[in-house]
Amino acid sequence: MCCRSFGANSGRTCSQTVVADAICTLYEDKEEIGRTTTGQDGIFRFRTDSEAALTLEIDKPGFSGTVIVVEAGKKNHDLGYIALSEASTLDELQVKATEVVQAKGRTIVYPSEADLNASSTTLSLLQKLPLAGLFADPINRSLTVRNGTPMILINGIPATMNDVNSLLPKDIAKIEYSYITPARYADKGKNGFLSITLKEREDGGQVYLWGRSAVTTTFVDANLQAQYHQGPSQFTLQYSPSWRNYQDVYDNSTMQYIGDDFKVKIEQHDRNPFNYHMHALGLKYDFAPSERTVFSARFSATPNISTNRVIGTMTDNVLGEYDTKNSNSSRDFTPSLDLFFRHDFNARNSLEVQVVGTLSSSDYRRENNYDLSNNDDLQYINDINNRRRSLISEVSYVHNFDQSTSLSGGVQNSVSHNTNEYIGHNFKPVLTDNNNYIYARFAKQINRVYFTASSGIKMLWSHNNDIRRHYVRNLSSANITWYPNQKWTLQGVFSYNPSLPSLSTLTDHAVQVSPYLWSNGNPDLKTSENLYYIIAGMYQHRKFSVGMQAYYCDLKKPVFTDVVYMGNGQFLSQSVNAAKYTVTQGTLSLRISDIYGFGANAIIELSRYDSRVGNWNYNLTSLSGRLDLWWNKGPWTVSYYRKFPDKWIEGYNESKGENGDALQVEYRPNKHWTVGASWWYMFDKKGTRYPSWSQSPVNPAVSERYIKDNSNMVCLNVTYTADFGALFKRNIRRSLNNADSNNSLMKN
């Protein structure tokens, strides 16, 4: 690894080529006075007022470290090229402790041998890592940050959850994470950022199979991924099916419809069986003719068929007792082609281009039948066919002035054409969107402080048969991160992001869905404005880390679903703007790892919600959390997951999140196979529960849905992976640290 100076106390790291992401730490009398990482060009730089002799430590996972003494004096020091030799390897390097680096406002994690051995899937690995604010749900196989989906990259290329679920943990070299959404993705509806870098591959093939199924009900998930790497090319085939057929699903509710001259109280008890199966298909080709250029093409298609029935009884003081037989079904198909190109002109300038084209179709059928006791039958049918064509294009450019200063910007455009055909209503609106987003981001590091500021303009033109809307809105954010020493990281964040109403929510077309209720869009819906502020701190020492975060969100003109009285015993449900909505939240996260094979990750969250609709005010305080425990010994891994669901309010409506717990035992007899069994929703007779309450003065209600099929569910899972033959020999060199503060990272 080598270094050449471009300023005070600077240099460039290299092996046979320059080495990025090396950790450079500057000490004065054993006290850390600065820390940075090398850029893609291998350059690093420190600025300090100290005139004493200094010690510089350079460390890079997968390389032998080095220590350099910088002589006393005021002058700048050009350290030239500093060479580090690569750590010798056998078939695989074994990392003894997870290395966590805080740099440029992100958490960079190099997974340890212990965490990898205890993880059969990438999702289970993410459960174990110190990534504050990232919630990995092993039951629903999802990732969330602040209740939204993070922007995911794999080897710098935009990816999906199917890509994450198809990765082998052992193939992951490092993970970069931030709960802040970068400016580039602020208009994509993403929360947070997750970038996964894989180990290098030589020519070869690999097959990965993962599947799970419940014993007592139809619950099936699977992932199949086959890859072949040849020279600069890599071919990937993915197939991810999911199937549910639940019969014991129940809805119980008590509600009222209250008007000036009308009042009805309804008690409803339903059995609500549902069935769906989806098949996510993907074919991907990656081409990297050099280290500076990469091209990726992905074709994906996801057929999805679902059906749902409601069989129940209703009792109200107007129509008496009667039966309900409702059903709905949908058939969706969404093929898309995604093209991505990246080229680094040099160490300072980089260009990325992405184009995504999608054709989608959705056929939705809903039929609600009410068999009244007086032999009158009421029927409400709502059939909609949707056809959508869209094209998304993006150009992004990054310029690095030096190791500590960068400027990036880009242009995004999305155009779509939607046709909604309301069968039987002689109504067929055509919806057209043209969305443009232009942004710029500036980043600067000064000693131990890293600062970013970004701003963008969103311009949306949309129209349908009756409505035209033109919006011009600003999106801005700022972030400052301070690294006072090697153990502490402190951060402050501000973000402003408006949420524009879609044409579908604006479309004025009323549809009756029950004897008392109609549903319609709202042409008068206003833009919501989201401002949030975060103050966070993280402390890490060897195998222990703790994170603290204070979050405040002020949502102006928030949107929620309301019910109003229209007269003559009829009510209307539609989206409206509330007067006020704020969220104040405090989060504490704790993690320990590899204590005689034992590890734990816990999160405690206290939230306060304040909502005002007109003159009505409602407050709610909620305590929630998550616990992940695991123990690994040889081929055996035992883990436990528990979610303590939170409560929240939106307008008048209060809801409680999905509950969940799982005890799992896995056995890995060899490097190819892993088999396991898990017990979900233990000792819970109702399984998954979804309670909700409405404080609406027009439509007060208490309801609960629960899926009894999930109760005490036993689920079996199996994993198989194989690399093929001498011709397909993989290069599993990985860039992982060979030393940390505990001197126990790797062995050969």
# chains A, B, ... in the order shown; residues from 1 in each chain; ligands from 1
>>> select_by_dssp(residues="region 123-282 of chain A", states="helix (DSSP H, G or I)", output="list in words")
Leu123, Ser124, Leu125, Leu126, Gln127, Lys128, Met161, Asn162, Asp163, Val164, Asn165, Pro169, Lys170, Asp171, Ala183, Arg184, Tyr185, Ala186, Asp187 and Lys188 of chain A
>>> write_last_selection(atoms="C-alpha atoms", output="tab-separated table (two decimals), in the first residue's frame")
chain	number	residue	atom	x	y	z
A	123	LEU	CA	-30.78	-11.02	6.47
A	124	SER	CA	-29.75	-12.96	9.58
A	125	LEU	CA	-26.27	-11.41	9.25
A	126	LEU	CA	-27.75	-7.89	9.14
A	127	GLN	CA	-29.68	-8.68	12.33
A	128	LYS	CA	-26.37	-9.08	14.14
A	161	MET	CA	-34.53	-7.06	-1.53
A	162	ASN	CA	-34.57	-10.16	-3.74
A	163	ASP	CA	-30.90	-9.46	-4.51
A	164	VAL	CA	-30.12	-9.15	-0.80
A	165	ASN	CA	-32.00	-12.34	0.05
A	169	PRO	CA	-23.15	-14.06	3.83
A	170	LYS	CA	-19.67	-15.50	3.24
A	171	ASP	CA	-19.46	-13.58	-0.07
A	183	ALA	CA	-29.58	13.50	-1.91
A	184	ARG	CA	-29.41	11.38	-5.04
A	185	TYR	CA	-32.16	9.08	-3.75
A	186	ALA	CA	-34.25	11.66	-1.87
A	187	ASP	CA	-36.92	11.68	-4.59
A	188	LYS	CA	-37.22	7.89	-4.80
>>> atom_distance(atom1="CA of Gly205 (chain A)", atom2="CA of Phe340 (chain A)")
23.1 Å
>>> atom_distance(atom1="CA of Phe544 (chain A)", atom2="CA of Ile152 (chain A)")
26.4 Å
>>> closest_atom_pairs(of="region 64-174 of chain A", to="region 438-456 of chain A", cutoff="10 Å", atoms="only C-alpha atoms", output="Markdown table")
| residue | atom | partner | partner_atom | distance |
| --- | --- | --- | --- | --- |
| A:Ala103 | CA | A:Tyr450 | CA | 8.4 |
| A:Lys104 | CA | A:Tyr450 | CA | 6.0 |
| A:Gly105 | CA | A:Tyr450 | CA | 6.8 |
>>> write_last_selection(atoms="all heavy atoms", output="CSV table (one decimal), in the first residue's frame")
chain,number,residue,atom,x,y,z
A,103,ALA,N,-16.8,6.6,9.0
A,103,ALA,CA,-16.2,7.4,8.1
A,103,ALA,C,-17.2,8.1,7.2
A,103,ALA,O,-18.1,7.4,6.7
A,103,ALA,CB,-15.1,6.7,7.3
A,104,LYS,N,-17.0,9.4,6.9
A,104,LYS,CA,-17.8,10.1,5.9
A,104,LYS,C,-19.3,10.0,6.2
A,104,LYS,O,-20.1,9.8,5.3
A,104,LYS,CB,-17.4,9.7,4.5
A,104,LYS,CG,-16.0,10.0,4.2
A,104,LYS,CD,-15.6,9.8,2.7
A,104,LYS,CE,-14.2,10.2,2.4
A,104,LYS,NZ,-13.8,9.9,1.0
A,105,GLY,N,-19.6,10.0,7.5
A,105,GLY,CA,-21.0,10.0,7.8
A,105,GLY,C,-21.7,8.6,7.7
A,105,GLY,O,-22.9,8.5,7.9
>>> closest_residue(among="A:Leu506, A:Lys557, A:Leu54, A:His672", to="Tyr27 (chain A)", atoms="only C-alpha atoms")
A:Leu54
>>> closest_atom_pairs(of="region 522-544 of chain A", to="region 492-495 of chain A", cutoff="12 Å", atoms="only C-alpha atoms", output="CSV")
residue,atom,partner,partner_atom,distance
A:Glu529,CA,A:Ser495,CA,10.6
A:Asn530,CA,A:Ser495,CA,7.9
A:Leu531,CA,A:Ser495,CA,5.7
A:Tyr532,CA,A:Ser495,CA,5.4
A:Tyr533,CA,A:Phe494,CA,4.7
A:Ile534,CA,A:Val493,CA,4.9
A:Ile535,CA,A:Gly492,CA,4.5
A:Ala536,CA,A:Gly492,CA,6.4
A:Gly537,CA,A:Gly492,CA,8.9
>>> write_last_selection(atoms="N, CA, C and O atoms", output="mmCIF file, in the first residue's frame")
data_model
loop_
_atom_site.group_PDB
_atom_site.id
_atom_site.type_symbol
_atom_site.label_atom_id
_atom_site.label_comp_id
_atom_site.auth_asym_id
_atom_site.auth_seq_id
_atom_site.Cartn_x
_atom_site.Cartn_y
_atom_site.Cartn_z
ATOM 1 N N GLU A 529 -45.587 18.459 3.748
ATOM 2 C CA GLU A 529 -44.197 18.895 3.873
ATOM 3 C C GLU A 529 -43.585 18.255 5.111
ATOM 4 O O GLU A 529 -44.063 18.459 6.224
ATOM 5 N N ASN A 530 -42.513 17.505 4.894
ATOM 6 C CA ASN A 530 -41.893 16.724 5.958
ATOM 7 C C ASN A 530 -40.553 17.341 6.329
ATOM 8 O O ASN A 530 -39.634 17.406 5.514
ATOM 9 N N LEU A 531 -40.438 17.812 7.574
ATOM 10 C CA LEU A 531 -39.169 18.291 8.108
ATOM 11 C C LEU A 531 -38.775 17.392 9.271
ATOM 12 O O LEU A 531 -39.575 17.180 10.187
ATOM 13 N N TYR A 532 -37.541 16.860 9.222
ATOM 14 C CA TYR A 532 -37.109 16.067 10.372
ATOM 15 C C TYR A 532 -35.686 16.432 10.775
ATOM 16 O O TYR A 532 -34.876 16.881 9.970
ATOM 17 N N TYR A 533 -35.421 16.207 12.066
ATOM 18 C CA TYR A 533 -34.145 16.553 12.671
ATOM 19 C C TYR A 533 -33.681 15.353 13.489
ATOM 20 O O TYR A 533 -34.475 14.724 14.203
ATOM 21 N N ILE A 534 -32.398 15.057 13.414
ATOM 22 C CA ILE A 534 -31.837 13.916 14.139
ATOM 23 C C ILE A 534 -30.544 14.342 14.828
ATOM 24 O O ILE A 534 -29.692 15.006 14.221
ATOM 25 N N ILE A 535 -30.404 13.961 16.076
ATOM 26 C CA ILE A 535 -29.133 14.056 16.796
ATOM 27 C C ILE A 535 -28.798 12.654 17.278
ATOM 28 O O ILE A 535 -29.628 11.997 17.921
ATOM 29 N N ALA A 536 -27.608 12.171 16.946
ATOM 30 C CA ALA A 536 -27.263 10.785 17.259
ATOM 31 C C ALA A 536 -25.825 10.681 17.734
ATOM 32 O O ALA A 536 -24.970 11.511 17.391
ATOM 33 N N GLY A 537 -25.566 9.652 18.522
ATOM 34 C CA GLY A 537 -24.216 9.359 18.984
ATOM 35 C C GLY A 537 -24.003 7.865 19.044
ATOM 36 O O GLY A 537 -24.943 7.103 19.308
#
>>> residues_around(residues="Ala301 (chain A)", least_positions_apart="2", cutoff="10 Å", atoms="only C-alpha atoms", output="PDB file with N, CA, C and O atoms, in the first residue's frame")
ATOM      1  N   TYR A 239     -34.607 -16.637  -9.037  1.00  0.00           N
ATOM      2  CA  TYR A 239     -36.022 -16.986  -8.972  1.00  0.00           C
ATOM      3  C   TYR A 239     -36.419 -17.021  -7.503  1.00  0.00           C
ATOM      4  O   TYR A 239     -35.808 -17.744  -6.703  1.00  0.00           O
ATOM      5  N   HIS A 279     -44.019 -14.810  -8.104  1.00  0.00           N
ATOM      6  CA  HIS A 279     -42.838 -15.448  -8.671  1.00  0.00           C
ATOM      7  C   HIS A 279     -41.914 -14.362  -9.225  1.00  0.00           C
ATOM      8  O   HIS A 279     -42.108 -13.884 -10.346  1.00  0.00           O
ATOM      9  N   ALA A 280     -40.950 -13.956  -8.420  1.00  0.00           N
ATOM     10  CA  ALA A 280     -40.011 -12.925  -8.850  1.00  0.00           C
ATOM     11  C   ALA A 280     -38.901 -13.570  -9.676  1.00  0.00           C
ATOM     12  O   ALA A 280     -38.147 -14.419  -9.182  1.00  0.00           O
ATOM     13  N   LEU A 281     -38.811 -13.164 -10.942  1.00  0.00           N
ATOM     14  CA  LEU A 281     -37.827 -13.711 -11.871  1.00  0.00           C
ATOM     15  C   LEU A 281     -36.845 -12.612 -12.248  1.00  0.00           C
ATOM     16  O   LEU A 281     -37.242 -11.463 -12.484  1.00  0.00           O
ATOM     17  N   GLY A 282     -35.566 -12.953 -12.340  1.00  0.00           N
ATOM     18  CA  GLY A 282     -34.566 -11.972 -12.720  1.00  0.00           C
ATOM     19  C   GLY A 282     -33.433 -12.600 -13.509  1.00  0.00           C
ATOM     20  O   GLY A 282     -32.953 -13.688 -13.180  1.00  0.00           O
ATOM     21  N   LEU A 283     -33.005 -11.914 -14.556  1.00  0.00           N
ATOM     22  CA  LEU A 283     -31.852 -12.312 -15.351  1.00  0.00           C
ATOM     23  C   LEU A 283     -30.954 -11.094 -15.468  1.00  0.00           C
ATOM     24  O   LEU A 283     -31.377 -10.048 -15.953  1.00  0.00           O
ATOM     25  N   PHE A 299     -33.136  -7.898 -16.522  1.00  0.00           N
ATOM     26  CA  PHE A 299     -34.536  -8.060 -16.897  1.00  0.00           C
ATOM     27  C   PHE A 299     -35.241  -8.773 -15.753  1.00  0.00           C
ATOM     28  O   PHE A 299     -34.776  -9.812 -15.270  1.00  0.00           O
ATOM     29  N   PRO A 303     -44.866 -12.060 -11.810  1.00  0.00           N
ATOM     30  CA  PRO A 303     -46.292 -12.404 -11.822  1.00  0.00           C
ATOM     31  C   PRO A 303     -46.802 -12.583 -10.383  1.00  0.00           C
ATOM     32  O   PRO A 303     -46.117 -13.183  -9.544  1.00  0.00           O
ATOM     33  N   ASN A 304     -47.977 -12.055 -10.122  1.00  0.00           N
ATOM     34  CA  ASN A 304     -48.524 -12.106  -8.772  1.00  0.00           C
ATOM     35  C   ASN A 304     -50.034 -12.308  -8.865  1.00  0.00           C
ATOM     36  O   ASN A 304     -50.732 -11.522  -9.508  1.00  0.00           O
ATOM     37  N   PHE A 333     -48.763  -8.228 -13.264  1.00  0.00           N
ATOM     38  CA  PHE A 333     -47.576  -8.650 -14.001  1.00  0.00           C
ATOM     39  C   PHE A 333     -46.759  -7.400 -14.326  1.00  0.00           C
ATOM     40  O   PHE A 333     -47.274  -6.450 -14.929  1.00  0.00           O
ATOM     41  N   THR A 334     -45.474  -7.403 -13.904  1.00  0.00           N
ATOM     42  CA  THR A 334     -44.646  -6.210 -14.037  1.00  0.00           C
ATOM     43  C   THR A 334     -43.275  -6.567 -14.591  1.00  0.00           C
ATOM     44  O   THR A 334     -42.314  -6.772 -13.828  1.00  0.00           O
ATOM     45  N   PRO A 335     -43.142  -6.659 -15.905  1.00  0.00           N
ATOM     46  CA  PRO A 335     -41.804  -6.850 -16.486  1.00  0.00           C
ATOM     47  C   PRO A 335     -41.075  -5.507 -16.604  1.00  0.00           C
ATOM     48  O   PRO A 335     -41.688  -4.469 -16.865  1.00  0.00           O
ATOM     49  N   SER A 336     -39.752  -5.512 -16.383  1.00  0.00           N
ATOM     50  CA  SER A 336     -38.972  -4.282 -16.496  1.00  0.00           C
ATOM     51  C   SER A 336     -37.563  -4.602 -16.968  1.00  0.00           C
ATOM     52  O   SER A 336     -37.049  -5.708 -16.758  1.00  0.00           O
ATOM     53  N   LEU A 337     -36.937  -3.618 -17.590  1.00  0.00           N
ATOM     54  CA  LEU A 337     -35.556  -3.709 -18.048  1.00  0.00           C
ATOM     55  C   LEU A 337     -34.785  -2.549 -17.427  1.00  0.00           C
ATOM     56  O   LEU A 337     -35.170  -1.389 -17.580  1.00  0.00           O
ATOM     57  N   THR A 358     -40.511   0.069 -17.722  1.00  0.00           N
ATOM     58  CA  THR A 358     -41.440  -0.880 -17.097  1.00  0.00           C
ATOM     59  C   THR A 358     -42.771  -0.890 -17.829  1.00  0.00           C
ATOM     60  O   THR A 358     -43.309   0.166 -18.183  1.00  0.00           O
ATOM     61  N   LEU A 359     -43.297  -2.077 -18.040  1.00  0.00           N
ATOM     62  CA  LEU A 359     -44.659  -2.283 -18.525  1.00  0.00           C
ATOM     63  C   LEU A 359     -45.389  -3.109 -17.468  1.00  0.00           C
ATOM     64  O   LEU A 359     -44.942  -4.195 -17.116  1.00  0.00           O
ATOM     65  N   SER A 360     -46.487  -2.609 -16.972  1.00  0.00           N
ATOM     66  CA  SER A 360     -47.185  -3.356 -15.925  1.00  0.00           C
ATOM     67  C   SER A 360     -48.672  -3.409 -16.214  1.00  0.00           C
ATOM     68  O   SER A 360     -49.242  -2.511 -16.847  1.00  0.00           O
TER      69      SER A 360
END
>>> residues_around(residues="Glu658 (chain A)", least_positions_apart="4", cutoff="10 Å", atoms="only C-alpha atoms", output="PDB file with N, CA, C and O atoms, in the first residue's frame")
ATOM      1  N   LYS A 643     -39.934  -9.077  18.553  1.00  0.00           N
ATOM      2  CA  LYS A 643     -40.327  -7.711  18.231  1.00  0.00           C
ATOM      3  C   LYS A 643     -41.399  -7.264  19.204  1.00  0.00           C
ATOM      4  O   LYS A 643     -42.409  -7.951  19.391  1.00  0.00           O
ATOM      5  N   PHE A 644     -41.164  -6.127  19.845  1.00  0.00           N
ATOM      6  CA  PHE A 644     -42.147  -5.511  20.722  1.00  0.00           C
ATOM      7  C   PHE A 644     -42.784  -4.369  19.925  1.00  0.00           C
ATOM      8  O   PHE A 644     -42.174  -3.305  19.763  1.00  0.00           O
ATOM      9  N   PRO A 645     -43.979  -4.581  19.370  1.00  0.00           N
ATOM     10  CA  PRO A 645     -44.512  -3.637  18.379  1.00  0.00           C
ATOM     11  C   PRO A 645     -44.841  -2.271  18.969  1.00  0.00           C
ATOM     12  O   PRO A 645     -45.174  -2.140  20.150  1.00  0.00           O
ATOM     13  N   ASP A 646     -44.738  -1.272  18.109  1.00  0.00           N
ATOM     14  CA  ASP A 646     -45.039   0.096  18.506  1.00  0.00           C
ATOM     15  C   ASP A 646     -46.473   0.458  18.141  1.00  0.00           C
ATOM     16  O   ASP A 646     -47.140  -0.239  17.372  1.00  0.00           O
ATOM     17  N   LYS A 647     -46.928   1.560  18.699  1.00  0.00           N
ATOM     18  CA  LYS A 647     -48.210   2.150  18.332  1.00  0.00           C
ATOM     19  C   LYS A 647     -47.934   3.495  17.665  1.00  0.00           C
ATOM     20  O   LYS A 647     -46.933   4.142  17.926  1.00  0.00           O
ATOM     21  N   THR A 688     -50.370 -13.766  14.338  1.00  0.00           N
ATOM     22  CA  THR A 688     -50.102 -12.376  13.984  1.00  0.00           C
ATOM     23  C   THR A 688     -51.333 -11.531  14.232  1.00  0.00           C
ATOM     24  O   THR A 688     -52.427 -11.859  13.782  1.00  0.00           O
ATOM     25  N   ARG A 689     -51.149 -10.392  14.935  1.00  0.00           N
ATOM     26  CA  ARG A 689     -52.279  -9.543  15.309  1.00  0.00           C
ATOM     27  C   ARG A 689     -52.075  -8.121  14.801  1.00  0.00           C
ATOM     28  O   ARG A 689     -50.974  -7.594  14.826  1.00  0.00           O
ATOM     29  N   TYR A 690     -53.196  -7.513  14.350  1.00  0.00           N
ATOM     30  CA  TYR A 690     -53.176  -6.155  13.818  1.00  0.00           C
ATOM     31  C   TYR A 690     -54.328  -5.355  14.433  1.00  0.00           C
ATOM     32  O   TYR A 690     -55.350  -5.135  13.774  1.00  0.00           O
ATOM     33  N   PRO A 691     -54.212  -4.881  15.647  1.00  0.00           N
ATOM     34  CA  PRO A 691     -55.292  -4.080  16.245  1.00  0.00           C
ATOM     35  C   PRO A 691     -55.236  -2.622  15.779  1.00  0.00           C
ATOM     36  O   PRO A 691     -54.170  -2.099  15.453  1.00  0.00           O
ATOM     37  N   TYR A 706     -56.483 -10.993  13.132  1.00  0.00           N
ATOM     38  CA  TYR A 706     -55.430 -11.904  13.569  1.00  0.00           C
ATOM     39  C   TYR A 706     -55.401 -13.127  12.657  1.00  0.00           C
ATOM     40  O   TYR A 706     -56.421 -13.572  12.140  1.00  0.00           O
TER      41      TYR A 706
END
>>> select_by_dssp(residues="region 174-301 of chain A", states="strand (DSSP E)", output="PyMOL selection string")
chain A and resi 174-178+193-198+204-214+218-230+233-246+249-258+263-271+274-290+293-301
>>> write_last_selection(atoms="C-alpha atoms", output="compact mmCIF listing (two decimals), in the first residue's frame")
# COMPACT_ATOMS: atom_id res chain seq x y z
CA LYS A 174 -18.04 -5.06 3.71
CA ILE A 175 -21.29 -3.20 4.37
CA GLU A 176 -21.75 0.58 4.36
CA TYR A 177 -24.83 1.97 6.06
CA SER A 178 -26.43 5.30 6.90
CA PHE A 193 -28.82 3.82 2.57
CA LEU A 194 -27.24 0.34 2.46
CA SER A 195 -24.29 -0.56 0.23
CA ILE A 196 -22.93 -4.12 0.12
CA THR A 197 -19.52 -4.87 -1.40
CA LEU A 198 -18.82 -8.46 -2.38
CA GLY A 204 -16.34 -19.77 -11.88
CA GLY A 205 -19.89 -20.78 -11.17
CA GLN A 206 -22.00 -20.81 -8.05
CA VAL A 207 -25.44 -22.07 -7.09
CA TYR A 208 -27.34 -20.89 -4.02
CA LEU A 209 -30.61 -22.46 -2.89
CA TRP A 210 -32.62 -21.40 0.14
CA GLY A 211 -36.13 -22.41 1.09
CA ARG A 212 -38.48 -22.56 4.04
CA SER A 213 -41.92 -24.01 4.64
CA ALA A 214 -44.30 -24.31 7.54
CA THR A 218 -49.24 -23.38 3.25
CA PHE A 219 -46.34 -21.06 3.87
CA VAL A 220 -43.53 -21.32 1.32
CA ASP A 221 -40.63 -18.97 0.48
CA ALA A 222 -37.58 -19.74 -1.62
CA ASN A 223 -34.57 -18.20 -3.35
CA LEU A 224 -32.63 -19.69 -6.22
CA GLN A 225 -29.58 -17.94 -7.59
CA ALA A 226 -27.16 -19.31 -10.18
CA GLN A 227 -24.10 -17.31 -11.23
CA TYR A 228 -21.31 -17.75 -13.71
CA HIS A 229 -18.28 -15.46 -13.83
CA GLN A 230 -16.00 -15.42 -16.87
CA SER A 233 -18.58 -10.86 -17.47
CA GLN A 234 -20.92 -12.24 -14.86
CA PHE A 235 -24.31 -13.86 -15.56
CA THR A 236 -26.92 -14.20 -12.81
CA LEU A 237 -30.27 -16.01 -12.78
CA GLN A 238 -32.67 -15.47 -9.87
CA TYR A 239 -36.02 -16.99 -8.97
CA SER A 240 -37.84 -16.11 -5.75
CA PRO A 241 -41.31 -17.66 -5.30
CA SER A 242 -43.61 -17.03 -2.35
CA TRP A 243 -46.92 -18.78 -1.60
CA ARG A 244 -49.50 -18.35 1.15
CA ASN A 245 -52.85 -20.09 1.62
CA TYR A 246 -54.31 -19.04 4.97
CA VAL A 249 -57.83 -15.38 9.38
CA TYR A 250 -60.34 -13.41 11.45
CA ASP A 251 -61.59 -9.82 11.62
CA ASN A 252 -63.66 -8.51 14.51
CA SER A 253 -64.78 -4.90 14.70
CA THR A 254 -67.23 -2.55 16.33
CA MET A 255 -67.90 0.78 14.63
CA GLN A 256 -70.38 3.58 14.29
CA TYR A 257 -71.44 5.92 11.49
CA ILE A 258 -72.67 9.17 13.02
CA LYS A 263 -76.59 7.02 13.58
CA VAL A 264 -75.84 3.34 13.12
CA LYS A 265 -73.80 0.98 15.27
CA ILE A 266 -72.31 -2.06 13.54
CA GLU A 267 -70.75 -5.18 15.01
CA GLN A 268 -68.94 -7.39 12.50
CA HIS A 269 -67.32 -10.84 12.77
CA ASP A 270 -65.61 -12.23 9.69
CA ARG A 271 -63.47 -15.09 8.57
CA PHE A 274 -56.64 -15.40 1.54
CA ASN A 275 -54.32 -16.96 -0.98
CA TYR A 276 -51.50 -15.52 -3.02
CA HIS A 277 -48.49 -16.71 -4.95
CA MET A 278 -45.84 -14.55 -6.56
CA HIS A 279 -42.84 -15.45 -8.67
CA ALA A 280 -40.01 -12.92 -8.85
CA LEU A 281 -37.83 -13.71 -11.87
CA GLY A 282 -34.57 -11.97 -12.72
CA LEU A 283 -31.85 -12.31 -15.35
CA LYS A 284 -28.80 -10.10 -14.94
CA TYR A 285 -25.61 -9.48 -16.89
CA ASP A 286 -22.66 -7.51 -15.46
CA PHE A 287 -19.72 -6.44 -17.59
CA ALA A 288 -16.58 -4.84 -16.11
CA PRO A 289 -13.85 -4.52 -18.76
CA SER A 290 -11.69 -2.55 -16.32
CA THR A 293 -15.97 0.80 -15.98
CA VAL A 294 -18.99 -1.35 -15.22
CA PHE A 295 -22.17 -2.05 -17.18
CA SER A 296 -25.18 -3.93 -15.84
CA ALA A 297 -28.38 -5.07 -17.56
CA ARG A 298 -31.24 -6.69 -15.66
CA PHE A 299 -34.54 -8.06 -16.90
CA SER A 300 -37.08 -8.83 -14.21
CA ALA A 301 -40.71 -9.93 -14.11
>>> residues_around(residues="Ile384 (chain A)", least_positions_apart="2", cutoff="9 Å", atoms="only C-alpha atoms", output="list of chain:residue names")
A:Ser362, A:Asp363, A:Tyr364, A:Arg365, A:Arg366, A:Asn382, A:Asn386, A:Asn420, A:Glu421, A:Tyr422, A:Ile423
>>> atom_distance(atom1="CA of Val702 (chain A)", atom2="CA of Tyr516 (chain A)")
17.6 Å
>>> closest_residue(among="A:Gly676, A:Pro182, A:Gly357, A:Gly569", to="Arg389 (chain A)", atoms="only C-alpha atoms")
A:Gly357
>>> closest_residue(among="A:Thr719, A:Ser327, A:Asn479, A:Asn418", to="Val513 (chain A)", atoms="only C-alpha atoms")
A:Ser327
>>> residues_around(residues="Gln570 (chain A)", least_positions_apart="6", cutoff="8 Å", atoms="only C-alpha atoms", output="CSV table (one decimal) with all heavy atoms, in the first residue's frame")
chain,number,residue,atom,x,y,z
A,515,PRO,N,-73.4,-0.7,2.3
A,515,PRO,CA,-74.7,0.0,2.4
A,515,PRO,C,-74.6,1.4,2.9
A,515,PRO,O,-75.5,2.2,2.6
A,515,PRO,CB,-75.5,-0.9,3.4
A,515,PRO,CG,-74.9,-2.2,3.3
A,515,PRO,CD,-73.4,-2.0,3.0
A,516,TYR,N,-73.5,1.8,3.6
A,516,TYR,CA,-73.4,3.1,4.2
A,516,TYR,C,-72.2,3.9,3.6
A,516,TYR,O,-72.2,5.1,3.8
A,516,TYR,CB,-73.2,3.0,5.7
A,516,TYR,CG,-74.3,2.2,6.4
A,516,TYR,CD1,-74.0,1.0,6.9
A,516,TYR,CD2,-75.6,2.7,6.5
A,516,TYR,CE1,-75.0,0.2,7.5
A,516,TYR,CE2,-76.6,2.0,7.1
A,516,TYR,CZ,-76.3,0.7,7.6
A,516,TYR,OH,-77.3,0.0,8.3
A,517,LEU,N,-71.3,3.3,3.0
A,517,LEU,CA,-70.0,3.9,2.7
A,517,LEU,C,-69.7,4.0,1.3
A,517,LEU,O,-69.8,3.0,0.5
A,517,LEU,CB,-68.9,3.2,3.5
A,517,LEU,CG,-67.5,3.8,3.4
A,517,LEU,CD1,-67.5,5.1,4.2
A,517,LEU,CD2,-66.4,2.9,4.0
A,518,TRP,N,-69.2,5.2,0.9
A,518,TRP,CA,-68.6,5.4,-0.5
A,518,TRP,C,-67.2,5.7,-0.3
A,518,TRP,O,-66.7,6.2,0.7
A,518,TRP,CB,-69.4,6.6,-1.2
A,518,TRP,CG,-70.8,6.3,-1.5
A,518,TRP,CD1,-71.8,6.2,-0.6
A,518,TRP,CD2,-71.3,6.2,-2.8
A,518,TRP,NE1,-73.0,6.0,-1.3
A,518,TRP,CE2,-72.7,6.0,-2.6
A,518,TRP,CE3,-70.8,6.2,-4.1
A,518,TRP,CZ2,-73.6,5.8,-3.7
A,518,TRP,CZ3,-71.7,6.0,-5.2
A,518,TRP,CH2,-73.0,5.8,-5.0
>>> residues_around(residues="region 608-620 of chain A", least_positions_apart="3", cutoff="12 Å", atoms="only C-alpha atoms", output="count of residues only")
43
>>> closest_residue(among="A:Val698, A:Cys715, A:Ile604, A:Leu26", to="Val675 (chain A)", atoms="only C-alpha atoms")
A:Cys715
>>> closest_residue(among="A:Gly133, A:Gly80, A:Gly148, A:Gly73", to="Val546 (chain A)", atoms="only C-alpha atoms")
A:Gly133
